[in-house]
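Contents: one structure, followed by commentary.
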Amino acid sequence: MTAINSAAELTTQGDVAILSLNSPPVNALSAGVRDGIHDGIKAAIADPAVKAIVLICEGRTFIAGADITEFGGAAKGASLFDAQAMIENSPKPVIAAIHGTALGGGLEVALACHYRIAVPSAKCGLPEVNLGLLPGAGGTQRLPRIVGPEKALEMVTSGQHVPAEQCHRVGLVDEMAKEGNLKADAIAFAEKLVAEGRPLKKVRDQNDKVEAARGKPEIFADFRKANARKFRGFKAPEYNIQCIEAAVNLPFDEGMAVERKLFVELLTGEQSAAQRYAFFAERTANKIPDVPDDTPIRKIEKVGIIGAGTMGGGIAMNFLNAGIPVTIVEVQQEALDRGLKVVRGNYERSAKNGRFTMETVEKRMGMITGALSQDALADCDLVIEAVFERMDVKKEIFTNLDRICKPGAILATNTSALNIDEIGDVTSRPQDVIGLHFFSPANVMRLLEIVRTDKTANDVIATSMKLAKTIGKVAVLVGVAPGFVGNRMLAQRGRESQKMVLEGAMPWDIDRVLYDFGFPMGPFAMSDLAGLDLGWVKSESKGATIRDQLCELDRRGQKTGAGYYDYDENRNAKPSPVTEKIINDFVAKSGANPRTISDDEILERTLYAMVNEGAKILEEKKAIRASDIDVVWVNGYGWPIYRGGPMHWADSVGLPKILARIKEFEATMGEQWKPSPLLEKLVAEGKGFKDLK
Ligand code: 3HC
């Protein structure tokens with residue numbers, strides 16, 4: 001055994017050299033790993049006894065990509081291109097042996113190898129697009145040479161992790177290994193290649209698939225058109241497409257030059273900086289300073305849910321998908337049946353769309369039990385209450401749960417507004433009470449706000465954070481305050497939007513500005529989608545607000561074909577003359593003098609109000625860090641990830657500029673615009689949210 005460096009060692013078995021990389025946690029291509037590959041392959045080539053080389057990784061995965069933490073730093077050690085050239089130009093076959101994930105630069109290393117073998121559980125992908133990048137080490141030029149441009153377009157623009165069996169079918173993986181037997185199978189494969197005298201297959205020289213697509217620009221035009229909505233606002237997907245186009249139309253080295261130029265442009269741009277920030281923000285959110293990593297975790301093997309409405313049913317699906325049985329409780333049989341029917345319907349729709357089989361539907365439905373009494377929750381490890389937002393009702397439920405549930409069960413509420421300290425205090429075990437705030441639709445939205453009270457125990461927090469990962473959610477720990485983090489900031493945006501309508505802007509003006517900023521929809525379109533009658537009571541409505549008047553006309557949103565907007569049968573929205581008249585009459589009656597509000601002002605008032613509130617949340621320690629707020633907004637509210645999140649965006653705009661404008665608004669509009677002292681402090685110290693410890 002020869003240690004090449006701290007990240008690589010070389011051993012031999014017969015006439016096969018095994019270059020083994022070991023750089024936890026994910027064998028990312030740091031300078032040490034690149035050097036290890038370069039020098040290790042060189043040493044194996046120099047050894048006359050070696051006839052073939054296996055490149056394999058220790059730990060949980062094959063190389064998961066370039067080391068993102070090195071981006072933007074000074075170049076050190078061998079470049080990735082040097083390492084790849086050493087592999088590709090080796091006179092002895094180099095075989096990549098893949099387990100875990102071969103991602104980004106990791107797959108690009110494997111693509112420079114002459115052959116690839118993988119275990120069935122392995123996955124391959126070029127996920128750079130999710131970091132606002134494109135594969136910058138030949139991935140866009142080599143991948144289409146194996147899988148063809150259509151499949152390559154799909155892979156580089158989605159970043160999907162493709163299962164090994166599928167990679168095998170499209171030729172990306174040459175040979176399958178037995179699970180758990182990668183090393184031995186890779187060595188056997190290498191010996192076979194040598195014995196059969198198989199040629200050194202260089203992907204760069206395989207031109208048939210790209211040549212077949214030459215002169216067919218419609219491949220790219222159609223792809224752009226089909227995905228225009230999905231790619232809106234993002235730079236990276238288009239750049240990735242241009243690279244695949246270059247692979248089709250240019251010789252390999254010229255294609256490589258196009259890839260390099262576009263890669264550098266993305267790497268140094270704002271979008272990729274924001275998306276890389278978001279990548280680490282999501283992972284940092286898991287780290288809770290006062291909850292140590294070794295905090296014991298409670299077992300969650302059975303979950304109870306109270307309320308089989310849209311929210312309760314959606315929440316249940318998360319656990320069923322993860323193989324955790326659920327008991328769901330409703331008051332009336334009819335409501336219970338309806339709730340279970342909706343869950344089944346959702347699953348059947350997914351099965352129809354080919355996402356899984358009907359057998360899976362039955363398996364999941366077999367894990368959910370309906371009940372009409374909370375007594376059925378006695379043996380649950382976690383109970384989540386998901387009934388309507390009334391404190392008296394919640395208190396009654398938690399008093400019951402305290403009596404019914406076994407000791408050590410976690411008692412959670414899905415409230416999005418109420419004081420969870422108060423809810424916990426009706427029980428004899430407030431340390432077991434926590435908020436699990438799911439977002440609608442709960443089976444789809446990735447965000448989970450985990451709300452700790454003053455008394456929530458550390459192991460309840462640790463268990464909830466881990467559970468979130470098990471059910472595929474992005475969790476952010478927040479404190480108790482009206483609206484927690486997300487809705488509290490949303491309320492500020494809503495307030496300013498409503499005010500601007502009374503000053504002369506139309507709902508569609510405001511929506512357009514926020515849509516162009518990158519949100520999937522603006523606040524008024526969102527209200528129409530949610531239903532304008534949420535919390536509206538017909539018998540009590542006196543036409544006091546624009547919303548009241550719309551609801552009174554049965555314009556209750558998309559579901560009634562009209563709300564702020566008019567909708568056609570395909571739910572396409574059109575500005576409504578009816579709404580416009582209601583607003584104009586309303587404004588005239590109020591005596592206000594309508595004015596034209598600029599797009600800049602719309603953006604500033606909606607977003608600066610959020611930034612100011614975010615700063616207050618930090619000041620009150622209701623969020624641990626600014627990046628946690630960004631994770632909430634990106635994953636729960638459609639904030640465009642290529643702008644990082646409201647706090648990251650605020651730093652990029654410049655806090656002095658934002659504060660100055662907030663002060664102007666305060667002077668003309670009053671108290672609601674009072675700047676957060678934290679914002680003032682940061683500006684005085686020349687710092688940004690990113691500098692907060
Ligand atoms: N660089 C640096 N650190 C990385 C990393 C990378 N490429 N990938 C993961 N990490 C770190 C994470 O930050 C995390 O650190 P922490 O424990 O301190 O928070 C740790 O590794 C474990 O990561 P996860 O918590 O995400 O672990 P999972 O097991 O859930 O997921 C994974 C593993 C699927 C590999 C996931 O981490 C991932 O998707 N990583 C990014 C993969 C990627 O985007 N690769 C392309 C990079 S860009 C590139 O290669 C450019 C090239 O074309 C030139």
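Identifiers in the structure tokens: chain A, B, ... in order shown; residue index from 1 per chain; ligand index from 1 in order shown.
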Would you give me, as a Markdown table, each residue of chain A having an atom within 9 Å of an atom of ligand 1, along with its shortest atom pair and that distance in Å to one decimal, using only C-alpha atoms and all ligand atoms and sorting by chain and residue number?
| residue | atom | partner | partner_atom_place_in_ligand_line | distance |
| --- | --- | --- | --- | --- |
| A:Pro24 | CA | ligand 1 | 21 (O) | 7.8 |
| A:Pro25 | CA | ligand 1 | 21 (O) | 5.3 |
| A:Val26 | CA | ligand 1 | 21 (O) | 5.6 |
| A:Asn27 | CA | ligand 1 | 5 (C) | 8.1 |
| A:Ala28 | CA | ligand 1 | 7 (N) | 5.2 |
| A:Leu29 | CA | ligand 1 | 7 (N) | 7.5 |
| A:Ser30 | CA | ligand 1 | 1 (N) | 8.1 |
| A:Arg60 | CA | ligand 1 | 29 (O) | 8.1 |
| A:Thr61 | CA | ligand 1 | 35 (C) | 7.6 |
| A:Phe62 | CA | ligand 1 | 35 (C) | 8.9 |
| A:Ile63 | CA | ligand 1 | 35 (C) | 8.2 |
| A:Ala64 | CA | ligand 1 | 35 (C) | 4.9 |
| A:Gly65 | CA | ligand 1 | 50 (O) | 3.7 |
| A:Ala66 | CA | ligand 1 | 50 (O) | 3.7 |
| A:Asp67 | CA | ligand 1 | 1 (N) | 3.5 |
| A:Ile68 | CA | ligand 1 | 1 (N) | 4.0 |
| A:Thr69 | CA | ligand 1 | 2 (C) | 5.3 |
| A:Glu70 | CA | ligand 1 | 2 (C) | 7.8 |
| A:Phe71 | CA | ligand 1 | 48 (S) | 8.9 |
| A:Leu80 | CA | ligand 1 | 54 (C) | 7.6 |
| A:Gly100 | CA | ligand 1 | 35 (C) | 8.2 |
| A:Thr101 | CA | ligand 1 | 35 (C) | 6.4 |
| A:Ala102 | CA | ligand 1 | 35 (C) | 8.2 |
| A:Leu103 | CA | ligand 1 | 45 (N) | 5.1 |
| A:Gly104 | CA | ligand 1 | 50 (O) | 3.7 |
| A:Gly105 | CA | ligand 1 | 50 (O) | 3.7 |
| A:Gly106 | CA | ligand 1 | 50 (O) | 6.5 |
| A:Leu107 | CA | ligand 1 | 50 (O) | 8.3 |
| A:Glu108 | CA | ligand 1 | 53 (O) | 7.1 |
| A:Gly125 | CA | ligand 1 | 45 (N) | 8.4 |
| A:Leu126 | CA | ligand 1 | 46 (C) | 6.7 |
| A:Pro127 | CA | ligand 1 | 44 (O) | 5.1 |
| A:Glu128 | CA | ligand 1 | 46 (C) | 5.0 |
| A:Val129 | CA | ligand 1 | 44 (O) | 8.2 |
| A:Asn130 | CA | ligand 1 | 44 (O) | 6.9 |
| A:Leu131 | CA | ligand 1 | 44 (O) | 6.5 |
| A:Leu133 | CA | ligand 1 | 48 (S) | 7.2 |
| A:Leu134 | CA | ligand 1 | 53 (O) | 6.2 |
| A:Pro135 | CA | ligand 1 | 53 (O) | 3.4 |
| A:Gly136 | CA | ligand 1 | 53 (O) | 4.1 |
| A:Ala137 | CA | ligand 1 | 54 (C) | 5.0 |
| A:Gly138 | CA | ligand 1 | 53 (O) | 7.8 |
| A:Gly139 | CA | ligand 1 | 53 (O) | 6.9 |
| A:Gly159 | CA | ligand 1 | 44 (O) | 8.4 |
| A:His161 | CA | ligand 1 | 34 (C) | 8.5 |
| A:Phe263 | CA | ligand 1 | 54 (C) | 8.4 |
| A:Arg276 | CA | ligand 1 | 44 (O) | 8.9 |
| A:Phe279 | CA | ligand 1 | 13 (O) | 7.6 |
| A:Phe280 | CA | ligand 1 | 13 (O) | 5.8 |
| A:Glu282 | CA | ligand 1 | 19 (O) | 8.6 |
| A:Arg283 | CA | ligand 1 | 19 (O) | 4.9 |
| A:Thr284 | CA | ligand 1 | 19 (O) | 6.0 |
| A:Ala285 | CA | ligand 1 | 19 (O) | 8.9 |
| A:Asn286 | CA | ligand 1 | 19 (O) | 7.8 |
| A:Lys287 | CA | ligand 1 | 19 (O) | 8.1 |
| A:Lys469 | CA | ligand 1 | 30 (O) | 8.6 |
File of the preceding selection, C-alpha atoms, as a short mmCIF file (atom, residue, chain, number, x, y, z; two decimals), in the first residue's frame:
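selection18.cif, freshly written:
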data_model
loop_
_atom_site.label_atom_id
_atom_site.label_comp_id
_atom_site.auth_asym_id
_atom_site.auth_seq_id
_atom_site.Cartn_x
_atom_site.Cartn_y
_atom_site.Cartn_z
CA PRO A 24 -15.10 12.74 4.24
CA PRO A 25 -17.90 13.57 4.24
CA VAL A 26 -18.55 13.25 0.49
CA ASN A 27 -15.11 12.95 -1.20
CA ALA A 28 -15.57 16.37 -2.81
CA LEU A 29 -12.77 17.34 -5.20
CA SER A 30 -10.67 19.47 -2.88
CA ARG A 60 -20.55 6.88 2.04
CA THR A 61 -20.12 7.92 -1.57
CA PHE A 62 -18.10 8.24 -4.75
CA ILE A 63 -16.95 11.82 -5.45
CA ALA A 64 -20.00 14.07 -4.95
CA GLY A 65 -18.61 16.97 -6.97
CA ALA A 66 -16.20 19.84 -6.89
CA ASP A 67 -15.55 21.18 -3.41
CA ILE A 68 -18.03 24.05 -3.39
CA THR A 69 -16.28 25.68 -0.45
CA GLU A 70 -13.19 26.22 -2.64
CA PHE A 71 -15.06 28.22 -5.30
CA LEU A 80 -9.43 19.03 -12.21
CA GLY A 100 -23.36 6.44 -3.37
CA THR A 101 -23.51 9.39 -5.74
CA ALA A 102 -21.21 10.37 -8.61
CA LEU A 103 -22.24 13.98 -8.96
CA GLY A 104 -20.96 17.02 -10.84
CA GLY A 105 -17.17 16.98 -10.98
CA GLY A 106 -17.38 13.44 -9.58
CA LEU A 107 -19.27 12.18 -12.61
CA GLU A 108 -16.95 14.25 -14.80
CA GLY A 125 -25.92 13.19 -12.10
CA LEU A 126 -24.74 16.61 -13.09
CA PRO A 127 -26.58 18.78 -10.54
CA GLU A 128 -24.53 21.95 -11.12
CA VAL A 129 -27.63 23.70 -12.46
CA ASN A 130 -29.02 23.66 -8.92
CA LEU A 131 -26.05 25.74 -7.84
CA LEU A 133 -23.74 26.53 -12.64
CA LEU A 134 -23.02 24.14 -15.47
CA PRO A 135 -20.69 21.14 -15.41
CA GLY A 136 -17.34 22.83 -15.88
CA ALA A 137 -15.03 19.87 -16.36
CA GLY A 138 -16.20 18.51 -19.68
CA GLY A 139 -19.51 17.12 -18.44
CA GLY A 159 -29.74 18.07 -12.11
CA HIS A 161 -29.65 11.93 -9.76
CA PHE A 263 -18.94 28.20 -16.69
CA ARG A 276 -24.53 28.24 -3.53
CA PHE A 279 -27.21 25.22 -0.58
CA PHE A 280 -25.17 25.86 2.55
CA GLU A 282 -30.22 24.76 4.02
CA ARG A 283 -27.57 22.59 5.66
CA THR A 284 -26.65 25.19 8.27
CA ALA A 285 -30.30 25.41 9.34
CA ASN A 286 -29.90 21.90 10.76
CA LYS A 287 -27.34 23.08 13.25
CA LYS A 469 -35.20 14.92 7.15
#
Determine, counting only C-alpha atoms, which protein, DNA and RNA residues have an atom within 8 Å of an atom of region 636-642 of chain A; residues of the same chain fewer than 2 positions away are not included. Present the result as a compact mmCIF listing (two decimals) with all heavy atoms, in the first residue's frame.
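And here's out_31.txt as it stands now:
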# COMPACT_ATOMS: atom_id res chain seq x y z
N GLY A 132 -26.71 27.05 -9.78
CA GLY A 132 -26.60 28.16 -10.73
C GLY A 132 -25.41 28.01 -11.66
O GLY A 132 -24.92 29.01 -12.21
N PHE A 234 -34.02 32.02 -14.48
CA PHE A 234 -32.72 31.38 -14.21
C PHE A 234 -31.78 31.53 -15.40
O PHE A 234 -32.20 31.35 -16.55
CB PHE A 234 -32.91 29.87 -13.97
CG PHE A 234 -33.53 29.52 -12.66
CD1 PHE A 234 -34.90 29.36 -12.53
CD2 PHE A 234 -32.74 29.33 -11.55
CE1 PHE A 234 -35.47 29.01 -11.32
CE2 PHE A 234 -33.30 28.98 -10.32
CZ PHE A 234 -34.66 28.84 -10.21
N GLU A 270 -24.06 36.67 -9.97
CA GLU A 270 -24.84 36.78 -8.72
C GLU A 270 -25.74 35.58 -8.47
O GLU A 270 -25.97 35.18 -7.33
CB GLU A 270 -25.71 38.03 -8.76
CG GLU A 270 -24.95 39.27 -8.39
CD GLU A 270 -25.85 40.49 -8.26
OE1 GLU A 270 -27.09 40.35 -8.33
OE2 GLU A 270 -25.28 41.58 -8.09
N GLN A 271 -26.29 35.01 -9.56
CA GLN A 271 -27.24 33.92 -9.36
C GLN A 271 -26.57 32.71 -8.72
O GLN A 271 -27.11 32.12 -7.78
CB GLN A 271 -27.88 33.52 -10.70
CG GLN A 271 -28.86 34.54 -11.23
CD GLN A 271 -29.88 33.94 -12.18
OE1 GLN A 271 -29.79 32.79 -12.59
NE2 GLN A 271 -30.87 34.73 -12.54
N SER A 272 -25.41 32.34 -9.26
CA SER A 272 -24.75 31.17 -8.69
C SER A 272 -24.32 31.45 -7.24
O SER A 272 -24.44 30.56 -6.38
CB SER A 272 -23.54 30.75 -9.52
OG SER A 272 -22.87 29.68 -8.88
N ALA A 274 -25.85 33.22 -5.14
CA ALA A 274 -27.06 33.08 -4.32
C ALA A 274 -27.44 31.61 -4.16
O ALA A 274 -27.83 31.17 -3.07
CB ALA A 274 -28.21 33.85 -4.96
N GLN A 275 -27.33 30.85 -5.22
CA GLN A 275 -27.75 29.45 -5.14
C GLN A 275 -26.77 28.61 -4.31
O GLN A 275 -27.18 27.69 -3.61
CB GLN A 275 -27.94 28.87 -6.55
CG GLN A 275 -29.21 29.44 -7.19
CD GLN A 275 -29.48 28.94 -8.59
OE1 GLN A 275 -29.33 29.66 -9.56
NE2 GLN A 275 -29.88 27.68 -8.71
N ALA A 278 -27.61 29.38 -0.84
CA ALA A 278 -28.83 28.67 -0.42
C ALA A 278 -28.51 27.21 -0.10
O ALA A 278 -29.09 26.63 0.83
CB ALA A 278 -29.90 28.75 -1.51
N PHE A 439 -46.66 23.51 5.44
CA PHE A 439 -47.20 24.48 4.48
C PHE A 439 -48.05 23.75 3.45
O PHE A 439 -47.75 22.62 3.08
CB PHE A 439 -46.05 25.26 3.82
CG PHE A 439 -45.43 26.22 4.80
CD1 PHE A 439 -44.66 25.74 5.85
CD2 PHE A 439 -45.67 27.58 4.72
CE1 PHE A 439 -44.14 26.60 6.81
CE2 PHE A 439 -45.15 28.44 5.67
CZ PHE A 439 -44.38 27.95 6.71
N MET A 445 -45.11 20.81 -0.29
CA MET A 445 -44.21 21.91 0.08
C MET A 445 -43.06 21.40 0.95
O MET A 445 -43.27 20.63 1.87
CB MET A 445 -44.98 22.99 0.85
CG MET A 445 -46.04 23.68 0.02
SD MET A 445 -45.35 24.61 -1.36
CE MET A 445 -44.58 25.94 -0.46
N ARG A 446 -41.86 21.87 0.67
CA ARG A 446 -40.67 21.32 1.34
C ARG A 446 -40.45 21.90 2.73
O ARG A 446 -39.78 21.31 3.55
CB ARG A 446 -39.42 21.64 0.50
CG ARG A 446 -39.33 20.82 -0.77
CD ARG A 446 -38.01 21.10 -1.46
NE ARG A 446 -36.91 20.37 -0.86
CZ ARG A 446 -35.67 20.83 -0.75
NH1 ARG A 446 -35.36 22.02 -1.18
NH2 ARG A 446 -34.72 20.10 -0.20
N LEU A 447 -41.00 23.08 2.98
CA LEU A 447 -40.65 23.76 4.23
C LEU A 447 -41.40 23.19 5.44
O LEU A 447 -42.58 22.86 5.37
CB LEU A 447 -40.98 25.25 4.12
CG LEU A 447 -40.69 26.07 5.38
CD1 LEU A 447 -39.21 26.09 5.71
CD2 LEU A 447 -41.22 27.49 5.24
N GLY A 486 -42.18 32.97 8.57
CA GLY A 486 -42.68 33.15 7.21
C GLY A 486 -43.91 34.04 7.14
O GLY A 486 -43.91 35.08 6.46
N PHE A 517 -39.89 39.84 -10.55
CA PHE A 517 -38.77 39.68 -9.60
C PHE A 517 -38.39 38.20 -9.50
O PHE A 517 -37.24 37.86 -9.23
CB PHE A 517 -39.20 40.21 -8.23
CG PHE A 517 -38.13 40.11 -7.17
CD1 PHE A 517 -37.11 41.05 -7.10
CD2 PHE A 517 -38.15 39.08 -6.24
CE1 PHE A 517 -36.12 40.96 -6.11
CE2 PHE A 517 -37.17 38.98 -5.26
CZ PHE A 517 -36.15 39.92 -5.19
N GLY A 518 -39.38 37.32 -9.74
CA GLY A 518 -39.09 35.89 -9.73
C GLY A 518 -40.04 35.04 -8.90
O GLY A 518 -39.93 33.83 -8.88
N PHE A 519 -40.99 35.68 -8.20
CA PHE A 519 -41.98 34.89 -7.46
C PHE A 519 -42.89 34.18 -8.46
O PHE A 519 -43.17 34.72 -9.54
CB PHE A 519 -42.86 35.79 -6.58
CG PHE A 519 -42.19 36.22 -5.30
CD1 PHE A 519 -41.60 37.48 -5.20
CD2 PHE A 519 -42.15 35.37 -4.20
CE1 PHE A 519 -40.98 37.88 -4.02
CE2 PHE A 519 -41.54 35.77 -3.02
CZ PHE A 519 -40.95 37.02 -2.93
N PRO A 520 -43.40 32.99 -8.09
CA PRO A 520 -44.32 32.31 -9.02
C PRO A 520 -45.61 33.09 -9.23
O PRO A 520 -46.24 33.00 -10.27
CB PRO A 520 -44.61 30.97 -8.34
CG PRO A 520 -44.01 31.02 -6.99
CD PRO A 520 -43.09 32.19 -6.90
N VAL A 632 -36.52 29.66 4.89
CA VAL A 632 -37.98 29.70 5.00
C VAL A 632 -38.59 30.26 3.72
O VAL A 632 -39.51 29.68 3.13
CB VAL A 632 -38.42 30.55 6.21
CG1 VAL A 632 -39.91 30.88 6.15
CG2 VAL A 632 -38.09 29.82 7.52
N TRP A 633 -38.05 31.38 3.27
CA TRP A 633 -38.67 32.06 2.14
C TRP A 633 -38.46 31.35 0.81
O TRP A 633 -39.34 31.35 -0.05
CB TRP A 633 -38.25 33.54 2.09
CG TRP A 633 -39.27 34.28 2.89
CD1 TRP A 633 -39.32 34.39 4.25
CD2 TRP A 633 -40.47 34.87 2.39
NE1 TRP A 633 -40.46 35.02 4.63
CE2 TRP A 633 -41.19 35.35 3.51
CE3 TRP A 633 -41.01 35.06 1.14
CZ2 TRP A 633 -42.42 35.98 3.38
CZ3 TRP A 633 -42.23 35.71 1.00
CH2 TRP A 633 -42.92 36.16 2.12
N VAL A 634 -37.30 30.74 0.66
CA VAL A 634 -37.03 30.02 -0.60
C VAL A 634 -37.88 28.74 -0.66
O VAL A 634 -38.44 28.41 -1.70
CB VAL A 634 -35.52 29.68 -0.72
CG1 VAL A 634 -35.28 28.64 -1.81
CG2 VAL A 634 -34.72 30.95 -1.02
N GLY A 644 -31.32 34.11 -3.53
CA GLY A 644 -30.83 33.69 -2.21
C GLY A 644 -31.84 33.69 -1.08
O GLY A 644 -31.82 32.80 -0.25
N GLY A 645 -32.73 34.65 -1.04
CA GLY A 645 -33.65 34.82 0.09
C GLY A 645 -33.63 36.30 0.46
O GLY A 645 -32.71 37.02 0.06
N PRO A 646 -34.63 36.76 1.21
CA PRO A 646 -34.74 38.20 1.47
C PRO A 646 -33.53 38.82 2.17
O PRO A 646 -33.15 39.95 1.88
CB PRO A 646 -36.00 38.32 2.33
CG PRO A 646 -36.36 36.95 2.74
CD PRO A 646 -35.77 36.00 1.77
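CA of Asp208 (chain A) lies 17.7 Å from CA of Met256 (chain A).
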Select, from A:Lys201, A:His168, A:Lys687, A:His437, the residue with the minimum atom-to-atom distance to Asn487 (chain A), counting only C-alpha atoms.
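That would be A:His437, the residue with the smallest distance to Asn487 (chain A).
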Please extract the residues of region 157-321 of chain A with a backbone DSSP assignment of helix (DSSP H, G or I) and present them as JSON, numbers by chain.
{"A": [157, 158, 164, 165, 166, 167, 168, 169, 182, 183, 184, 185, 186, 187, 188, 189, 190, 191, 192, 193, 194, 195, 196, 203, 204, 205, 208, 209, 210, 211, 212, 213, 218, 219, 220, 221, 222, 223, 224, 225, 226, 228, 229, 230, 231, 236, 237, 238, 239, 240, 241, 242, 243, 244, 245, 246, 247, 248, 249, 252, 253, 254, 255, 256, 257, 258, 259, 260, 261, 262, 263, 264, 265, 266, 267, 270, 271, 272, 273, 274, 275, 276, 277, 278, 279, 280, 281, 282, 283, 284, 310, 311, 312, 313, 314, 315, 316, 317, 318, 319, 320, 321]}
As a PyMOL selection string, which residues of region 404-522 of chain A does DSSP assign to strand (DSSP E or B)?
chain A and resi 410-413+433-438+447-452+474-479
For the residues selected in the previous step, produce a file with C-alpha atoms as a short mmCIF file (atom, residue, chain, number, x, y, z; two decimals), in the first residue's frame.
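After the write, again09.cif holds the following:
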data_model
loop_
_atom_site.label_atom_id
_atom_site.label_comp_id
_atom_site.auth_asym_id
_atom_site.auth_seq_id
_atom_site.Cartn_x
_atom_site.Cartn_y
_atom_site.Cartn_z
CA ILE A 410 -44.26 14.40 21.37
CA LEU A 411 -47.35 16.60 21.22
CA ALA A 412 -47.26 18.93 18.23
CA THR A 413 -49.51 21.60 16.82
CA VAL A 433 -44.94 20.27 23.17
CA ILE A 434 -43.66 21.77 19.91
CA GLY A 435 -44.99 23.44 16.77
CA LEU A 436 -44.69 21.59 13.46
CA HIS A 437 -45.88 24.14 10.94
CA PHE A 438 -46.42 22.46 7.59
CA LEU A 447 -40.65 23.76 4.23
CA LEU A 448 -41.33 22.80 7.84
CA GLU A 449 -41.15 25.54 10.46
CA ILE A 450 -40.35 23.82 13.75
CA VAL A 451 -41.48 26.08 16.56
CA ARG A 452 -39.86 25.75 19.96
CA VAL A 474 -36.34 21.30 4.93
CA ALA A 475 -36.65 22.23 8.58
CA VAL A 476 -36.01 25.60 10.17
CA LEU A 477 -36.19 26.06 13.93
CA VAL A 478 -38.01 29.26 14.95
CA GLY A 479 -39.44 30.81 18.09
#
Using only C-alpha atoms, which protein or nucleic acid residues come within 12 Å of Pro217 (chain A)? Drop anything in the same chain fewer than 5 positions from it, and give the result as a PyMOL selection string.
chain A and resi 149-150+212+222-224+241-242+244-246+248-249
Could those selected residues go to a file with N, CA and C atoms, as a PDB file, in the first residue's frame?
ATOM      1  N   PRO A 149     -27.906  13.885 -27.069  1.00  0.00           N
ATOM      2  CA  PRO A 149     -28.211  15.245 -26.608  1.00  0.00           C
ATOM      3  C   PRO A 149     -29.539  15.385 -25.876  1.00  0.00           C
ATOM      4  N   GLU A 150     -30.555  14.612 -26.259  1.00  0.00           N
ATOM      5  CA  GLU A 150     -31.866  14.785 -25.611  1.00  0.00           C
ATOM      6  C   GLU A 150     -31.781  14.427 -24.123  1.00  0.00           C
ATOM      7  N   ALA A 212     -25.199  12.705 -35.065  1.00  0.00           N
ATOM      8  CA  ALA A 212     -26.554  12.385 -35.532  1.00  0.00           C
ATOM      9  C   ALA A 212     -27.522  13.536 -35.265  1.00  0.00           C
ATOM     10  N   ASP A 222     -37.266  23.117 -29.352  1.00  0.00           N
ATOM     11  CA  ASP A 222     -38.411  22.461 -28.715  1.00  0.00           C
ATOM     12  C   ASP A 222     -38.184  22.330 -27.206  1.00  0.00           C
ATOM     13  N   PHE A 223     -36.963  21.994 -26.847  1.00  0.00           N
ATOM     14  CA  PHE A 223     -36.664  21.812 -25.432  1.00  0.00           C
ATOM     15  C   PHE A 223     -36.827  23.133 -24.677  1.00  0.00           C
ATOM     16  N   ARG A 224     -36.327  24.207 -25.299  1.00  0.00           N
ATOM     17  CA  ARG A 224     -36.457  25.526 -24.640  1.00  0.00           C
ATOM     18  C   ARG A 224     -37.928  25.881 -24.456  1.00  0.00           C
ATOM     19  N   ILE A 241     -27.922  24.527 -21.822  1.00  0.00           N
ATOM     20  CA  ILE A 241     -28.421  24.143 -23.157  1.00  0.00           C
ATOM     21  C   ILE A 241     -27.403  24.555 -24.225  1.00  0.00           C
ATOM     22  N   GLN A 242     -26.878  25.768 -24.082  1.00  0.00           N
ATOM     23  CA  GLN A 242     -25.911  26.241 -25.079  1.00  0.00           C
ATOM     24  C   GLN A 242     -24.677  25.333 -25.138  1.00  0.00           C
ATOM     25  N   ILE A 244     -24.637  22.049 -24.512  1.00  0.00           N
ATOM     26  CA  ILE A 244     -24.986  20.803 -25.215  1.00  0.00           C
ATOM     27  C   ILE A 244     -25.062  21.086 -26.721  1.00  0.00           C
ATOM     28  N   GLU A 245     -25.580  22.264 -27.060  1.00  0.00           N
ATOM     29  CA  GLU A 245     -25.609  22.657 -28.477  1.00  0.00           C
ATOM     30  C   GLU A 245     -24.192  22.675 -29.045  1.00  0.00           C
ATOM     31  N   ALA A 246     -23.263  23.206 -28.234  1.00  0.00           N
ATOM     32  CA  ALA A 246     -21.865  23.262 -28.677  1.00  0.00           C
ATOM     33  C   ALA A 246     -21.306  21.847 -28.853  1.00  0.00           C
ATOM     34  N   VAL A 248     -22.892  19.317 -29.801  1.00  0.00           N
ATOM     35  CA  VAL A 248     -23.442  18.764 -31.037  1.00  0.00           C
ATOM     36  C   VAL A 248     -22.785  19.400 -32.264  1.00  0.00           C
ATOM     37  N   ASN A 249     -22.552  20.689 -32.197  1.00  0.00           N
ATOM     38  CA  ASN A 249     -22.156  21.412 -33.411  1.00  0.00           C
ATOM     39  C   ASN A 249     -20.659  21.631 -33.581  1.00  0.00           C
TER      40      ASN A 249
END
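Nearest-residue note for Gly148 (chain A): choosing from A:Arg214, A:Lys406, A:Lys261, A:Arg364, the minimum distance belongs to A:Arg214, counting only C-alpha atoms.
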For a quick check of understanding, using only C-alpha atoms, which of A:Glu265, A:Glu330, A:Asp47, A:Asp533 has the smallest distance to Leu372 (chain A)?
A:Glu330
So that I can see what lies close to Asn227 (chain A), please list as a list in words the residues with an atom at most 12 Å from it, counting only C-alpha atoms and leaving out residues fewer than 2 positions away in the same chain.
Leu153, Glu154, Thr157, Ser158, Phe220, Ala221, Asp222, Phe223, Arg224, Lys225, Arg229, Lys230, Phe231, Arg232, Gly233, Phe234, Pro237, Glu238 and Ile241 of chain A
